[in-house]
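Colleague: After the structure tokens below, expect a handful of questions from me.
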Amino acid sequence: MTLKELFWHCLNAKYIKVGEDGDYAVERHGDTLLLLFQWSRGKRDWQNNLDFPAKPYCRMDDLWFCHRGFLRVWKSMRDSVERLVARTLDAAPEIRKISCVGFSHGAALSVFATEDMAYLYGERLTVNGYGFGCPRVLWGLVPMAVKKRFEHFLVIRNVPDIVTHLPPSALGFRHVGSILEI
């Protein structure tokens, strides 16, 4: 799929609402499973967006830190997403690729989804991610094992978009993967 097609799917998905105002959709396209994450839609999303002190991401052998508000939203939906992905993969063993795609607030969630899917399925499937208008999600130094899970993540950054500059790098936050500036 082209970047334009991925963005279109992200904008037009039928989202499932869960937990901390997180919205996700799962679509199958041939041998690819798309995990889609919705942009900021309301006051609660913006509260989570602006709740950016660094917090450790637990459940991992390698300690790393990230944006507290986005992590809270991801944790509220992670179990639902993981169960749906596992059921889908069990029912369709011909799936070879998982693509995590989000816009703005959803782009931050696609960062967590990409890392999680690479951790769970990276040995047997290709896992990649696309963050359209992605804010900075990771904080500080990132262990090499975690960086590896982001090697197929692409931040699509419209440079004038303020969201892509937040939280500030001066506070230790960084983008993951590769950056395509438009």
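How things are named: the first chain in the structure tokens is A, the next is B, and so on; residues count from 1 in each chain; ligands count from 1 in the order shown.
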Region 29-156 of chain A: which residues are helix (DSSP H, G or I) by DSSP, as a VMD selection string?
Modeller: chain A and resid 43 to 49 68 to 91 105 to 121 144 to 149
Colleague: Quick one: residues within 10 Å of Gln38 (chain A), only C-alpha atoms counted, chain neighbours fewer than 2 positions away excluded, as a PyMOL selection string?
Modeller: chain A and resi 10-17+21-25+36+40-41+101-110
Colleague: Taking C-alpha atoms for each residue, export the selection above as a tab-separated table (two decimals), in the first residue's frame.
Modeller:
```tsv
chain	number	residue	atom	x	y	z
A	10	CYS	CA	-6.63	5.65	8.83
A	11	LEU	CA	-9.03	8.53	8.15
A	12	ASN	CA	-11.94	6.31	7.07
A	13	ALA	CA	-11.79	3.30	9.39
A	14	LYS	CA	-14.70	2.17	11.55
A	15	TYR	CA	-13.11	2.61	14.95
A	16	ILE	CA	-13.74	0.66	18.13
A	17	LYS	CA	-13.71	2.89	21.22
A	21	ASP	CA	-10.64	7.38	24.85
A	22	GLY	CA	-8.53	5.19	22.62
A	23	ASP	CA	-9.95	4.23	19.25
A	24	TYR	CA	-8.62	1.47	17.02
A	25	ALA	CA	-9.65	-0.55	14.00
A	36	LEU	CA	-5.36	1.70	12.70
A	40	SER	CA	-7.46	13.39	18.68
A	41	ARG	CA	-11.21	13.83	18.75
A	101	VAL	CA	-0.95	3.17	11.28
A	102	GLY	CA	-2.06	6.29	13.09
A	103	PHE	CA	-2.59	9.99	12.66
A	104	SER	CA	-1.59	12.57	15.32
A	105	HIS	CA	-2.78	11.13	18.67
A	106	GLY	CA	-3.27	7.83	16.83
A	107	ALA	CA	0.29	8.01	15.48
A	108	ALA	CA	1.59	7.95	19.05
A	109	LEU	CA	-0.54	4.87	19.70
A	110	SER	CA	0.81	3.26	16.53
```
Colleague: Do you have the CA of Gly140 (chain A)-CA of Cys66 (chain A) distance handy?
Modeller: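 Result for CA of Gly140 (chain A) versus CA of Cys66 (chain A): 8.3 Å, one decimal.
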Colleague: Ranking A:Leu3, A:Lys147, A:Asn158, A:Trp139 by minimum distance to Ala170 (chain A) and counting only C-alpha atoms, which one comes first?
Modeller: A:Trp139
Colleague: Write out as a JSON list (two decimals) with N, CA, C and O atoms, in the first residue's frame each polymer residue whose atoms come within 10 Å of Phe65 (chain A), counting only C-alpha atoms; drop sequence neighbours fewer than 4 positions from it.
Modeller:
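Contents of the output file selection.json:
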```json
[["chain", "number", "residue", "atom", "x", "y", "z"],
["A", 53, "PRO", "N", 4.86, 13.91, 31.12],
["A", 53, "PRO", "CA", 6.05, 13.48, 31.88],
["A", 53, "PRO", "C", 6.43, 12.05, 31.49],
["A", 53, "PRO", "O", 5.57, 11.24, 31.14],
["A", 54, "ALA", "N", 7.72, 11.75, 31.53],
["A", 54, "ALA", "CA", 8.20, 10.43, 31.14],
["A", 54, "ALA", "C", 7.82, 9.39, 32.20],
["A", 54, "ALA", "O", 7.83, 9.67, 33.40],
["A", 55, "LYS", "N", 7.48, 8.22, 31.73],
["A", 55, "LYS", "CA", 7.10, 7.12, 32.61],
["A", 55, "LYS", "C", 7.72, 5.84, 32.06],
["A", 55, "LYS", "O", 7.79, 5.66, 30.85],
["A", 56, "PRO", "N", 8.17, 4.95, 32.93],
["A", 56, "PRO", "CA", 8.74, 3.70, 32.42],
["A", 56, "PRO", "C", 7.66, 2.82, 31.79],
["A", 56, "PRO", "O", 6.54, 2.74, 32.30],
["A", 57, "TYR", "N", 8.00, 2.20, 30.70],
["A", 57, "TYR", "CA", 7.12, 1.22, 30.06],
["A", 57, "TYR", "C", 7.45, -0.12, 30.67],
["A", 57, "TYR", "O", 8.55, -0.64, 30.50],
["A", 58, "CYS", "N", 6.55, -0.65, 31.43],
["A", 58, "CYS", "CA", 6.79, -1.92, 32.12],
["A", 58, "CYS", "C", 6.46, -3.08, 31.20],
["A", 58, "CYS", "O", 6.09, -2.90, 30.06],
["A", 71, "LEU", "N", 0.93, 6.44, 26.85],
["A", 71, "LEU", "CA", 1.07, 5.10, 27.42],
["A", 71, "LEU", "C", -0.22, 4.68, 28.13],
["A", 71, "LEU", "O", -0.67, 3.55, 27.99],
["A", 137, "VAL", "N", 7.31, 10.33, 21.28],
["A", 137, "VAL", "CA", 6.74, 9.41, 22.26],
["A", 137, "VAL", "C", 7.79, 8.86, 23.23],
["A", 137, "VAL", "O", 7.52, 8.72, 24.41],
["A", 138, "LEU", "N", 8.98, 8.57, 22.74],
["A", 138, "LEU", "CA", 10.02, 8.00, 23.59],
["A", 138, "LEU", "C", 10.81, 9.09, 24.30],
["A", 138, "LEU", "O", 10.94, 10.20, 23.78],
["A", 139, "TRP", "N", 11.34, 8.73, 25.47],
["A", 139, "TRP", "CA", 12.13, 9.67, 26.26],
["A", 139, "TRP", "C", 13.45, 9.04, 26.61],
["A", 139, "TRP", "O", 13.52, 7.86, 26.99],
["A", 140, "GLY", "N", 14.51, 9.81, 26.50],
["A", 140, "GLY", "CA", 15.83, 9.37, 26.95],
["A", 140, "GLY", "C", 16.44, 8.31, 26.06],
["A", 140, "GLY", "O", 16.08, 8.15, 24.90],
["A", 141, "LEU", "N", 17.39, 7.60, 26.65],
["A", 141, "LEU", "CA", 18.08, 6.54, 25.92],
["A", 141, "LEU", "C", 17.17, 5.33, 25.78],
["A", 141, "LEU", "O", 16.44, 4.98, 26.71],
["A", 142, "VAL", "N", 17.24, 4.71, 24.62],
["A", 142, "VAL", "CA", 16.39, 3.55, 24.32],
["A", 142, "VAL", "C", 17.30, 2.34, 24.12],
["A", 142, "VAL", "O", 18.24, 2.41, 23.31],
["A", 173, "PHE", "N", 12.51, 14.08, 24.83],
["A", 173, "PHE", "CA", 11.65, 13.25, 24.00],
["A", 173, "PHE", "C", 12.21, 13.14, 22.59],
["A", 173, "PHE", "O", 12.87, 14.05, 22.11]]
```
Colleague: From the options A:Trp64, A:Tyr121, A:Phe7, A:Phe112, which residue's atoms come nearest to Gly133 (chain A), counting only C-alpha atoms?
Modeller: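 Smallest separation from Gly133 (chain A) among the options: A:Phe7.
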Colleague: For Thr32 (chain A), work out the shell of residues within 6 Å, counting only C-alpha atoms and skipping chain neighbours fewer than 5 positions away, then give it as a ChimeraX atom specification.
Modeller: /A:95,97-98
